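A.B. asks: Below is the structure I would like to discuss, written out as structure tokens.
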Amino acid sequence: VIQLSLGSIAKVVSGRVIGDPEFVVDAVSTLKDASNTALSFFANRRYLAQLKDTSAGAVLVQEGDLGVAPCHAIVVADPYLAYAAISHSFLPAYRSSLPVVENHIHSSAVIAPDALIAQTGVIIGPNVVIDAGASISTGVKVGANCVIGPHSSLGKNTVLHANVSLYSNVAIGENCVIHSGAVLGADGFGFAKNGEQWDKIAQLGGVRLGNNVEVGSGTTIDRGALSDTVIADGVKLDNQIQVAHNVEIGANTAIAGCTAIAGSTRIGAQCTIAGASGITGHLDIAPNTHITAMTLVSRSIKDSGAYSSGTGMMPTRDWKRSVARFRNLDDMAKRLKSLEHSADIPKGK
Amino acid sequence: VIQLSLGSIAKVVSGRVIGDPEFVVDAVSTLKDASNTALSFFANRRYLAQLKDTSAGAVLVQEGDLGVAPCHAIVVADPYLAYAAISHSFLPAYRSSLPVVENHIHSSAVIAPDALIAQTGVIIGPNVVIDAGASISTGVKVGANCVIGPHSSLGKNTVLHANVSLYSNVAIGENCVIHSGAVLGADGFGFAKNGEQWDKIAQLGGVRLGNNVEVGSGTTIDRGALSDTVIADGVKLDNQIQVAHNVEIGANTAIAGCTAIAGSTRIGAQCTIAGASGITGHLDIAPNTHITAMTLVSRSIKDSGAYSSGTGMMPTRDWKRSVARFRNLDDMAKRLKSLEHSADIPKGK
Amino acid sequence: VIQLSLGSIAKVVSGRVIGDPEFVVDAVSTLKDASNTALSFFANRRYLAQLKDTSAGAVLVQEGDLGVAPCHAIVVADPYLAYAAISHSFLPAYRSSLPVVENHIHSSAVIAPDALIAQTGVIIGPNVVIDAGASISTGVKVGANCVIGPHSSLGKNTVLHANVSLYSNVAIGENCVIHSGAVLGADGFGFAKNGEQWDKIAQLGGVRLGNNVEVGSGTTIDRGALSDTVIADGVKLDNQIQVAHNVEIGANTAIAGCTAIAGSTRIGAQCTIAGASGITGHLDIAPNTHITAMTLVSRSIKDSGAYSSGTGMMPTRDWKRSVARFRNLDDMAKRLKSLEHSADIPKGK
């Protein structure tokens, strides 16, 4: 069990303790679920009633909400950011180590003689394979059963969880986290039609990730056909995202699970793309674009803003009727126009 | 080749042989494809003609259909359930063993000293890594190259196929099957916006699976942010499903491939969710809800029943016309109302 | 750096050098990005201006475009196919080898005594597990940490990249490429409802791939329930595709990323299916069918052609209005008909 005093927490979150700085908490919890030894946070005004009724031992709040908090408090400018910052202090030690590794490199790891492994703080797990010309910087942790292809590189303090596959020429920056089952650098889907068959086009580019990038489990990022596939600093990719060859994703863009991005599309910085969306190839998406869940983006987006496609969920019986009418929507529109004409009413567009 | 007499099969399926109990079959087949040494089953009245014409050596049927069966028969209450039950007897032995494992634990497995491994019936394949504090119950089989994180646990008779990744604090119940490439316990997609950047929120919860859960290949189940992600008894998850942090799935709910479920959504028991659907976050889905393929569920569902979204497939040329009209549907609706008004016809809603 | 003379390239692509056959290029590039030592290609008339302005050292062109090319040229019948052919010559040697393997089989590989491994040109990487009765033909390369189940087989010159999982009875043809994280032969999603619970149906079939098949990273192909799941010659599957049990895919069909295909559906030859599409079960899709991105195919397709579903992307504010009207589309259609009736205008369908 991890135990932290409010005083020590206040230092991490740049906050001010209201109450007993020696008071000790042993967990972070929601306002609703918190025990009287837990730290909670008030980050969404919808939960004001929960703040009032919380059993938490202490709470992260803004100055103005101090009066509502029924417990010890730490005053911060942004309680959600403060929660994000302190949450890492509650990670058990086994979450950031690889206890089965006796020394820094497990004896079962297979490492090419010319691979460059930094001397400081590197942990390489069991059955890891590191191929020729790869380079591993200081502070890097490589989980069990990862494979790192030739001439790939991991920047300082980057973490690969178990079972990650990197092909050749995959350059990952610093402080990145790559989750299990992710595959970076597989061949882009490039074929030329030759009569009835498809001739494979060699995928000669690589993959480049900036710093502070997170890649979710099962996400795949293909290598480029001629130049590289590029993921900028601070990009966050959730699980099972498909990034095709030569896609470029701008800084700090966040993409939720199961989204598919086709080849050569460029997504600007600071975008948010909700889950299960599809983005077709060769598009340009403006910075600060926001895509709602399960949207098909099939044209470039020049103006920042929110975009959607699809229809709303309905009872299946009703939906079938709407779907049937949708098939004849063009006919309906023409008939409406014709009626307007005969009725001599000012026409719509 | 596996050979079973009708008599022995009848015992497994609690049925009654009509014909020769010594007759031997060596396969299970559809009515259409069955050879004269195969066992078939009649479970769908649409295939009545196929029952009449089958070349099967024997067939599982209900009492009332005996007259149609042109071969030996085993009378059962539910032929489809009987087929499900007997199908397991036709699995070749190599499907349920790990022949490359000399003894019960392969010599290449890396197991932390304090991991608890049951003494009975456990099989651990080559290159498996089991981290500190993990526990493995009797009858568990762990396929080659699996990684089991610290403080994770596998209940009795659970099977992990090859290349499964479990992070820390993943508790799996009894009689579960986890297929290759599945990842349980990766970090939920939790970040707090800090200016232009995203601050990572430590994901402090775990993952809990009940008993008799099946998890398909490539499916990802993230750990909770504060509390656990929870999958109840009897849930069946197909391949490449994404289950985000703090999702709860009720007992016996079955979800088909490539469905994405966003964070903190609670799905009731006994639901069926067809493939490639998307369910947004923080929703409550009532028990016995049925979702058709590729539906976006973006609101909570209070009433059981069937729900859908999207439009029906059309020739692309026609579809483009409907899509163009869909953009102006609000305008069309207003013009229709205006026409009704001028025509003095009783208005619709 | 790979250096090739135009003369040697012309031989590979069956072309004719216009200019200096001794001129040496060291890369393939787009017309726009090419350096003066790069080879480019003119395959799309939209880029005519780029051809005129290219800095490339040489270019693959058709006879008729020679006048536009400002550099050395190789005249070919089809520049895109010529580019596909020559691209493989620019792969660095480390892309087609496994440098960490000292001899042809890495010492850490675990191979069942009765597995058949060809004597010529086979490379088996570290930590590979090959189970009983498996067979590996000449020229096969198996990447690190792959698992090959009992009685599975790999045809001549097939390549498995790292971390591929094959269950039992997966038969792969010649010259296939299977990318990392792919899972072939996991159980189909087959259960019979037994009261409130699901009884598992043993999946007794296998998986069969023809020759020249490519399977993308994270793609899953389930084994059949009774007979096999079958992928014909020349099929190209992109990343994260889900192929359910007993699906059949015809020759040379190409399917883009994240498409889901439900059980027992048969897709004809020469189809193209764009990304993130969903195809429900038990359908027949005609050869030469083309499906646009994110389409739900929920009925069989008898006539070749292009098919689509969904709606077009719109600003979210406008989209919400269209979605609201879509819910009442049946009502709108009825009111339109009623207006037509009262206006005595010839009715639409």
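The way I read the labels, and the way they are meant: chains A, B, ... in the order of the structure tokens, residue 1 as the first residue of every chain, and ligand 1 as the first ligand shown, with later ones counted on from there.
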Given only C-alpha atoms, how would the per-residue table for segment 248-324 of chain C near segment 322-336 of chain B read, listing every residue at most 7 Å away with its closest atom pair and distance in Å to one decimal, sorted by chain and number, as a tab-separated table?
C.D. replies:
residue	atom	partner	partner_atom	distance
C:Thr311	CA	B:Val323	CA	5.4
C:Gly312	CA	B:Val323	CA	6.0
C:Arg321	CA	B:Asp330	CA	5.9
C:Ser322	CA	B:Leu329	CA	5.2
A.B. asks: Let's have the selection written as a PDB file, in the first residue's frame, with N, CA and C atoms.
C.D. replies:
ATOM      1  N   THR C 311     -23.574   7.902 -44.720  1.00  0.00           N
ATOM      2  CA  THR C 311     -23.885   9.259 -45.174  1.00  0.00           C
ATOM      3  C   THR C 311     -22.578  10.026 -45.277  1.00  0.00           C
ATOM      4  N   GLY C 312     -22.636  11.183 -45.940  1.00  0.00           N
ATOM      5  CA  GLY C 312     -21.415  11.965 -46.110  1.00  0.00           C
ATOM      6  C   GLY C 312     -21.097  12.811 -44.894  1.00  0.00           C
ATOM      7  N   ARG C 321     -29.077  18.099 -37.464  1.00  0.00           N
ATOM      8  CA  ARG C 321     -30.395  18.398 -38.012  1.00  0.00           C
ATOM      9  C   ARG C 321     -30.828  17.329 -39.014  1.00  0.00           C
ATOM     10  N   SER C 322     -29.905  16.922 -39.877  1.00  0.00           N
ATOM     11  CA  SER C 322     -30.243  15.879 -40.844  1.00  0.00           C
ATOM     12  C   SER C 322     -30.584  14.573 -40.130  1.00  0.00           C
TER      13      SER C 322
END
A.B. asks: Would you mind listing what lies within 7 Å of segment 77-94 of chain C as a PyMOL selection string, with only C-alpha atoms counted and same-chain residues fewer than 2 positions away left out?
C.D. replies: (chain A and resi 150+192+199-202+204) or (chain C and resi 2+9+12-13+27+41-43+60-62+96-97)
A.B. asks: Considering only C-alpha atoms, state which residue in the set B:Val68, B:Leu184, B:Ala162, B:Ala112 is at the smallest distance from chain C.
C.D. replies: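 Nearest to chain C: B:Ala162.
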A.B. asks: Got a sec: who's within 10 Å of Val159 of chain B, counting only C-alpha atoms, leaving out chain neighbours fewer than 3 positions off, as a PyMOL selection string?
C.D. replies: chain B and resi 96+122-123+139-143+154-156+162+174-179+214
A.B. asks: Of the candidates A:Pro21, A:Gly206, A:Gly224, A:Gly250, which one gets nearest to chain B if we count only C-alpha atoms?
C.D. replies: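 Among the listed residues, the smallest separation from chain B belongs to A:Gly250.
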A.B. asks: Could you pull out the strand (DSSP E or B) residues of segment 131-332 of chain A, going by DSSP on the backbone, and write them as a ChimeraX atom specification?
C.D. replies: /A:135-136,141-142,147-148,153-154,159-160,165-166,170-172,177-178,183-184,191-194,197-200,207-209,214-215,220-221,229-231,236-237,242-243,248-249,254-255,260-261,266-267,272-273,278-279,284-285,289-291,296-297,301,305-308,314-315
A.B. asks: May I ask for the distance between atom CA of Gly67 of chain A and atom CA of Leu48 of chain A, given in Å to one decimal place?
C.D. replies: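 Between atom CA of Gly67 of chain A and atom CA of Leu48 of chain A the gap works out to 11.4 Å.
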A.B. asks: What are the closest atom pairs, with distances in Å to one decimal, for each residue of segment 98-205 of chain B lying within 12 Å of segment 251-266 of chain A, using only C-alpha atoms, rows by chain and rising residue number, as CSV?
C.D. replies:
residue,atom,partner,partner_atom,distance
B:Gly188,CA,A:Gly257,CA,10.5
B:Phe189,CA,A:Ala256,CA,7.8
B:Gly190,CA,A:Ala256,CA,10.5
B:Phe191,CA,A:Ala254,CA,9.5
B:Ala192,CA,A:Ala254,CA,11.3
B:Lys193,CA,A:Asn252,CA,9.7
B:Asn194,CA,A:Asn252,CA,10.6
B:Gly195,CA,A:Asn252,CA,10.3
B:Glu196,CA,A:Asn252,CA,6.9
B:Gln197,CA,A:Asn252,CA,5.8
B:Trp198,CA,A:Asn252,CA,7.0
B:Asp199,CA,A:Asn252,CA,10.5
A.B. asks: What lies within 10 Å of Ile249 of chain A using only C-alpha atoms, ignoring chain neighbours under 5 positions off, as a ChimeraX atom specification?
C.D. replies: /A:209,229-233,235,243,254-255,265-271,285,287
A.B. asks: Work out how far apart atom CA of Asn145 of chain B and atom CA of Thr220 of chain C are and give it in Å to one decimal.
C.D. replies: 17.8 Å
A.B. asks: What is the atom CA of Asp222 of chain B-atom CA of His282 of chain B distance in Å, reported with one decimal?
C.D. replies: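 Taking atom CA of Asp222 of chain B and atom CA of His282 of chain B, their separation equals 15.2 Å.
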A.B. asks: I want to know what sits within 10 Å of Ala132 of chain C, based on only C-alpha atoms, with residues of the same chain fewer than 4 positions away left out; could you give that as a list in words?
C.D. replies: Tyr94, Leu98, Pro99 and Val100 of chain B; Ile111, Ala112, Pro113, Asp114, Ala115, Leu116, Ile148, Gly149, Pro150, His151, Ser152 and Ser168 of chain C
A.B. asks: Looking at only C-alpha atoms, which of A:Ala274, A:Ala225, A:Ile117, A:Ile301 is the one that sits closest to chain B?
C.D. replies: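 Closest candidate: A:Ala274.
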A.B. asks: What's around Ser153 of chain A at 8 Å? Count only C-alpha atoms, leave out sequence neighbours fewer than 2 positions away in its own chain, and write the answer as a PyMOL selection string.
C.D. replies: chain A and resi 134-137+151+155+169-172
A.B. asks: Do you know which residues are at most 7 Å from segment 297-299 of chain B counting only C-alpha atoms, after dropping those on the same chain fewer than 2 positions away, and could you put them as a list in words?
C.D. replies: Met313 of chain A; Gly278, Ile279, Thr280, Leu283, Thr295 and Ile301 of chain B
A.B. asks: If you keep all heavy atoms, can you produce a file of those selected residues as an mmCIF file, in the first residue's frame?
C.D. replies:
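Saved the output as out-v1.cif:
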data_model
loop_
_atom_site.group_PDB
_atom_site.id
_atom_site.type_symbol
_atom_site.label_atom_id
_atom_site.label_comp_id
_atom_site.auth_asym_id
_atom_site.auth_seq_id
_atom_site.Cartn_x
_atom_site.Cartn_y
_atom_site.Cartn_z
ATOM 1 N N MET A 313 -28.884 6.252 -33.664
ATOM 2 C CA MET A 313 -29.442 4.959 -33.271
ATOM 3 C C MET A 313 -30.959 5.042 -33.102
ATOM 4 O O MET A 313 -31.467 6.006 -32.543
ATOM 5 C CB MET A 313 -28.810 4.553 -31.954
ATOM 6 C CG MET A 313 -29.247 3.225 -31.426
ATOM 7 S SD MET A 313 -28.614 3.017 -29.743
ATOM 8 C CE MET A 313 -29.679 4.139 -28.837
ATOM 9 N N GLY B 278 -20.107 0.496 -32.640
ATOM 10 C CA GLY B 278 -19.380 1.410 -31.783
ATOM 11 C C GLY B 278 -20.289 1.877 -30.659
ATOM 12 O O GLY B 278 -21.450 2.214 -30.896
ATOM 13 N N ILE B 279 -19.793 1.874 -29.457
ATOM 14 C CA ILE B 279 -20.591 2.298 -28.308
ATOM 15 C C ILE B 279 -19.798 3.383 -27.604
ATOM 16 O O ILE B 279 -18.667 3.153 -27.186
ATOM 17 C CB ILE B 279 -20.870 1.100 -27.372
ATOM 18 C CG1 ILE B 279 -21.506 -0.046 -28.182
ATOM 19 C CG2 ILE B 279 -21.763 1.514 -26.206
ATOM 20 C CD1 ILE B 279 -21.872 -1.260 -27.358
ATOM 21 N N THR B 280 -20.382 4.569 -27.499
ATOM 22 C CA THR B 280 -19.634 5.682 -26.904
ATOM 23 C C THR B 280 -19.578 5.534 -25.372
ATOM 24 O O THR B 280 -20.177 4.626 -24.804
ATOM 25 C CB THR B 280 -20.240 7.039 -27.311
ATOM 26 O OG1 THR B 280 -21.578 7.097 -26.840
ATOM 27 C CG2 THR B 280 -20.240 7.203 -28.824
ATOM 28 N N LEU B 283 -22.221 5.294 -21.033
ATOM 29 C CA LEU B 283 -23.611 4.909 -21.302
ATOM 30 C C LEU B 283 -24.021 3.743 -20.414
ATOM 31 O O LEU B 283 -23.192 2.999 -19.896
ATOM 32 C CB LEU B 283 -23.789 4.496 -22.767
ATOM 33 C CG LEU B 283 -23.372 5.505 -23.837
ATOM 34 C CD1 LEU B 283 -23.728 4.979 -25.222
ATOM 35 C CD2 LEU B 283 -24.021 6.855 -23.597
ATOM 36 N N THR B 295 -23.707 -0.576 -35.925
ATOM 37 C CA THR B 295 -24.511 0.488 -35.322
ATOM 38 C C THR B 295 -23.642 1.342 -34.404
ATOM 39 O O THR B 295 -22.782 0.830 -33.694
ATOM 40 C CB THR B 295 -25.675 -0.138 -34.528
ATOM 41 O OG1 THR B 295 -26.602 -0.698 -35.458
ATOM 42 C CG2 THR B 295 -26.389 0.888 -33.645
ATOM 43 N N ILE B 301 -29.475 3.109 -23.364
ATOM 44 C CA ILE B 301 -30.661 2.369 -23.789
ATOM 45 C C ILE B 301 -31.359 1.870 -22.534
ATOM 46 O O ILE B 301 -30.805 1.055 -21.795
ATOM 47 C CB ILE B 301 -30.265 1.200 -24.707
ATOM 48 C CG1 ILE B 301 -29.645 1.756 -25.996
ATOM 49 C CG2 ILE B 301 -31.482 0.326 -25.028
ATOM 50 C CD1 ILE B 301 -29.192 0.690 -26.980
#
A.B. asks: What parts of segment 12-119 of chain B does DSSP call alpha helix (DSSP H)? I'd like the answer as a PDB file with all heavy atoms, in the first residue's frame.
C.D. replies:
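Output contents, as saved in states-v7.pdb:
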ATOM      1  N   VAL B  12     -23.330 -38.932 -24.409  1.00  0.00           N
ATOM      2  CA  VAL B  12     -22.829 -37.567 -24.231  1.00  0.00           C
ATOM      3  C   VAL B  12     -23.957 -36.552 -24.402  1.00  0.00           C
ATOM      4  O   VAL B  12     -24.037 -35.556 -23.679  1.00  0.00           O
ATOM      5  CB  VAL B  12     -21.691 -37.268 -25.240  1.00  0.00           C
ATOM      6  CG1 VAL B  12     -21.268 -35.800 -25.178  1.00  0.00           C
ATOM      7  CG2 VAL B  12     -20.501 -38.185 -24.985  1.00  0.00           C
ATOM      8  N   VAL B  13     -24.842 -36.818 -25.347  1.00  0.00           N
ATOM      9  CA  VAL B  13     -25.863 -35.820 -25.674  1.00  0.00           C
ATOM     10  C   VAL B  13     -27.217 -36.131 -25.037  1.00  0.00           C
ATOM     11  O   VAL B  13     -28.217 -35.479 -25.352  1.00  0.00           O
ATOM     12  CB  VAL B  13     -26.035 -35.664 -27.207  1.00  0.00           C
ATOM     13  CG1 VAL B  13     -24.709 -35.250 -27.851  1.00  0.00           C
ATOM     14  CG2 VAL B  13     -26.564 -36.952 -27.835  1.00  0.00           C
ATOM     15  N   LEU B  48     -34.788 -28.580 -44.264  1.00  0.00           N
ATOM     16  CA  LEU B  48     -35.538 -29.836 -44.250  1.00  0.00           C
ATOM     17  C   LEU B  48     -35.225 -30.683 -45.474  1.00  0.00           C
ATOM     18  O   LEU B  48     -35.030 -31.908 -45.371  1.00  0.00           O
ATOM     19  CB  LEU B  48     -37.052 -29.544 -44.177  1.00  0.00           C
ATOM     20  CG  LEU B  48     -37.940 -30.753 -43.886  1.00  0.00           C
ATOM     21  CD1 LEU B  48     -37.678 -31.319 -42.499  1.00  0.00           C
ATOM     22  CD2 LEU B  48     -39.427 -30.371 -43.994  1.00  0.00           C
ATOM     23  N   ALA B  49     -35.124 -30.030 -46.639  1.00  0.00           N
ATOM     24  CA  ALA B  49     -34.816 -30.775 -47.868  1.00  0.00           C
ATOM     25  C   ALA B  49     -33.430 -31.412 -47.763  1.00  0.00           C
ATOM     26  O   ALA B  49     -33.212 -32.532 -48.243  1.00  0.00           O
ATOM     27  CB  ALA B  49     -34.879 -29.838 -49.078  1.00  0.00           C
ATOM     28  N   GLN B  50     -32.502 -30.697 -47.117  1.00  0.00           N
ATOM     29  CA  GLN B  50     -31.156 -31.266 -46.959  1.00  0.00           C
ATOM     30  C   GLN B  50     -31.164 -32.473 -46.027  1.00  0.00           C
ATOM     31  O   GLN B  50     -30.394 -33.412 -46.213  1.00  0.00           O
ATOM     32  CB  GLN B  50     -30.199 -30.201 -46.421  1.00  0.00           C
ATOM     33  CG  GLN B  50     -29.917 -29.098 -47.457  1.00  0.00           C
ATOM     34  CD  GLN B  50     -28.828 -28.147 -46.987  1.00  0.00           C
ATOM     35  OE1 GLN B  50     -28.157 -28.397 -45.984  1.00  0.00           O
ATOM     36  NE2 GLN B  50     -28.636 -27.068 -47.728  1.00  0.00           N
ATOM     37  N   LEU B  51     -32.026 -32.445 -45.037  1.00  0.00           N
ATOM     38  CA  LEU B  51     -32.134 -33.615 -44.154  1.00  0.00           C
ATOM     39  C   LEU B  51     -32.610 -34.823 -44.953  1.00  0.00           C
ATOM     40  O   LEU B  51     -32.040 -35.912 -44.855  1.00  0.00           O
ATOM     41  CB  LEU B  51     -33.114 -33.325 -43.005  1.00  0.00           C
ATOM     42  CG  LEU B  51     -33.449 -34.523 -42.096  1.00  0.00           C
ATOM     43  CD1 LEU B  51     -32.195 -35.070 -41.414  1.00  0.00           C
ATOM     44  CD2 LEU B  51     -34.495 -34.139 -41.041  1.00  0.00           C
ATOM     45  N   LYS B  52     -33.605 -34.598 -45.766  1.00  0.00           N
ATOM     46  CA  LYS B  52     -34.184 -35.680 -46.579  1.00  0.00           C
ATOM     47  C   LYS B  52     -33.139 -36.290 -47.503  1.00  0.00           C
ATOM     48  O   LYS B  52     -33.094 -37.501 -47.698  1.00  0.00           O
ATOM     49  CB  LYS B  52     -35.341 -35.092 -47.400  1.00  0.00           C
ATOM     50  CG  LYS B  52     -36.375 -36.116 -47.819  1.00  0.00           C
ATOM     51  CD  LYS B  52     -37.479 -35.453 -48.649  1.00  0.00           C
ATOM     52  CE  LYS B  52     -38.029 -36.461 -49.644  1.00  0.00           C
ATOM     53  NZ  LYS B  52     -38.562 -35.829 -50.850  1.00  0.00           N
ATOM     54  N   ASP B  53     -32.262 -35.435 -48.056  1.00  0.00           N
ATOM     55  CA  ASP B  53     -31.313 -35.892 -49.067  1.00  0.00           C
ATOM     56  C   ASP B  53     -29.918 -36.168 -48.508  1.00  0.00           C
ATOM     57  O   ASP B  53     -29.008 -36.487 -49.273  1.00  0.00           O
ATOM     58  CB  ASP B  53     -31.171 -34.815 -50.161  1.00  0.00           C
ATOM     59  CG  ASP B  53     -32.460 -34.627 -50.923  1.00  0.00           C
ATOM     60  OD1 ASP B  53     -33.315 -35.533 -50.863  1.00  0.00           O
ATOM     61  OD2 ASP B  53     -32.615 -33.569 -51.572  1.00  0.00           O
ATOM     62  N   PRO B  79     -31.200 -30.449 -31.146  1.00  0.00           N
ATOM     63  CA  PRO B  79     -30.083 -30.967 -31.958  1.00  0.00           C
ATOM     64  C   PRO B  79     -28.877 -30.013 -32.024  1.00  0.00           C
ATOM     65  O   PRO B  79     -27.745 -30.476 -32.107  1.00  0.00           O
ATOM     66  CB  PRO B  79     -30.709 -31.140 -33.354  1.00  0.00           C
ATOM     67  CG  PRO B  79     -32.172 -31.328 -33.084  1.00  0.00           C
ATOM     68  CD  PRO B  79     -32.468 -30.449 -31.893  1.00  0.00           C
ATOM     69  N   TYR B  80     -29.108 -28.711 -31.965  1.00  0.00           N
ATOM     70  CA  TYR B  80     -27.980 -27.780 -32.064  1.00  0.00           C
ATOM     71  C   TYR B  80     -27.119 -27.851 -30.802  1.00  0.00           C
ATOM     72  O   TYR B  80     -25.885 -27.893 -30.873  1.00  0.00           O
ATOM     73  CB  TYR B  80     -28.477 -26.364 -32.317  1.00  0.00           C
ATOM     74  CG  TYR B  80     -27.402 -25.435 -32.843  1.00  0.00           C
ATOM     75  CD1 TYR B  80     -26.763 -25.687 -34.051  1.00  0.00           C
ATOM     76  CD2 TYR B  80     -27.036 -24.297 -32.126  1.00  0.00           C
ATOM     77  CE1 TYR B  80     -25.786 -24.833 -34.536  1.00  0.00           C
ATOM     78  CE2 TYR B  80     -26.053 -23.440 -32.614  1.00  0.00           C
ATOM     79  CZ  TYR B  80     -25.432 -23.710 -33.812  1.00  0.00           C
ATOM     80  OH  TYR B  80     -24.446 -22.864 -34.286  1.00  0.00           O
ATOM     81  N   LEU B  81     -27.786 -27.904 -29.646  1.00  0.00           N
ATOM     82  CA  LEU B  81     -27.035 -28.071 -28.392  1.00  0.00           C
ATOM     83  C   LEU B  81     -26.338 -29.431 -28.350  1.00  0.00           C
ATOM     84  O   LEU B  81     -25.224 -29.542 -27.829  1.00  0.00           O
ATOM     85  CB  LEU B  81     -27.978 -27.931 -27.184  1.00  0.00           C
ATOM     86  CG  LEU B  81     -28.337 -26.495 -26.792  1.00  0.00           C
ATOM     87  CD1 LEU B  81     -29.342 -26.500 -25.643  1.00  0.00           C
ATOM     88  CD2 LEU B  81     -27.074 -25.736 -26.382  1.00  0.00           C
ATOM     89  N   ALA B  82     -26.996 -30.447 -28.887  1.00  0.00           N
ATOM     90  CA  ALA B  82     -26.367 -31.772 -28.907  1.00  0.00           C
ATOM     91  C   ALA B  82     -25.122 -31.753 -29.787  1.00  0.00           C
ATOM     92  O   ALA B  82     -24.076 -32.320 -29.439  1.00  0.00           O
ATOM     93  CB  ALA B  82     -27.372 -32.805 -29.411  1.00  0.00           C
ATOM     94  N   TYR B  83     -25.233 -31.076 -30.932  1.00  0.00           N
ATOM     95  CA  TYR B  83     -24.062 -30.925 -31.804  1.00  0.00           C
ATOM     96  C   TYR B  83     -22.945 -30.177 -31.071  1.00  0.00           C
ATOM     97  O   TYR B  83     -21.770 -30.581 -31.113  1.00  0.00           O
ATOM     98  CB  TYR B  83     -24.478 -30.212 -33.099  1.00  0.00           C
ATOM     99  CG  TYR B  83     -23.413 -29.380 -33.759  1.00  0.00           C
ATOM    100  CD1 TYR B  83     -22.188 -29.938 -34.136  1.00  0.00           C
ATOM    101  CD2 TYR B  83     -23.634 -28.032 -34.040  1.00  0.00           C
ATOM    102  CE1 TYR B  83     -21.212 -29.163 -34.746  1.00  0.00           C
ATOM    103  CE2 TYR B  83     -22.660 -27.255 -34.652  1.00  0.00           C
ATOM    104  CZ  TYR B  83     -21.449 -27.816 -34.992  1.00  0.00           C
ATOM    105  OH  TYR B  83     -20.480 -27.047 -35.588  1.00  0.00           O
ATOM    106  N   ALA B  84     -23.316 -29.081 -30.371  1.00  0.00           N
ATOM    107  CA  ALA B  84     -22.304 -28.334 -29.619  1.00  0.00           C
ATOM    108  C   ALA B  84     -21.604 -29.249 -28.611  1.00  0.00           C
ATOM    109  O   ALA B  84     -20.376 -29.237 -28.481  1.00  0.00           O
ATOM    110  CB  ALA B  84     -22.938 -27.139 -28.900  1.00  0.00           C
ATOM    111  N   ALA B  85     -22.381 -30.063 -27.933  1.00  0.00           N
ATOM    112  CA  ALA B  85     -21.817 -30.932 -26.895  1.00  0.00           C
ATOM    113  C   ALA B  85     -20.882 -31.984 -27.499  1.00  0.00           C
ATOM    114  O   ALA B  85     -19.770 -32.206 -27.009  1.00  0.00           O
ATOM    115  CB  ALA B  85     -22.940 -31.605 -26.113  1.00  0.00           C
ATOM    116  N   ILE B  86     -21.327 -32.625 -28.586  1.00  0.00           N
ATOM    117  CA  ILE B  86     -20.509 -33.723 -29.118  1.00  0.00           C
ATOM    118  C   ILE B  86     -19.331 -33.206 -29.947  1.00  0.00           C
ATOM    119  O   ILE B  86     -18.330 -33.915 -30.124  1.00  0.00           O
ATOM    120  CB  ILE B  86     -21.391 -34.691 -29.957  1.00  0.00           C
ATOM    121  CG1 ILE B  86     -20.689 -36.051 -30.097  1.00  0.00           C
ATOM    122  CG2 ILE B  86     -21.707 -34.121 -31.339  1.00  0.00           C
ATOM    123  CD1 ILE B  86     -20.478 -36.777 -28.797  1.00  0.00           C
ATOM    124  N   SER B  87     -19.406 -31.960 -30.412  1.00  0.00           N
ATOM    125  CA  SER B  87     -18.323 -31.449 -31.272  1.00  0.00           C
ATOM    126  C   SER B  87     -16.966 -31.563 -30.595  1.00  0.00           C
ATOM    127  O   SER B  87     -15.957 -31.852 -31.241  1.00  0.00           O
ATOM    128  CB  SER B  87     -18.603 -29.999 -31.690  1.00  0.00           C
ATOM    129  OG  SER B  87     -18.561 -29.119 -30.571  1.00  0.00           O
TER     130      SER B  87
END
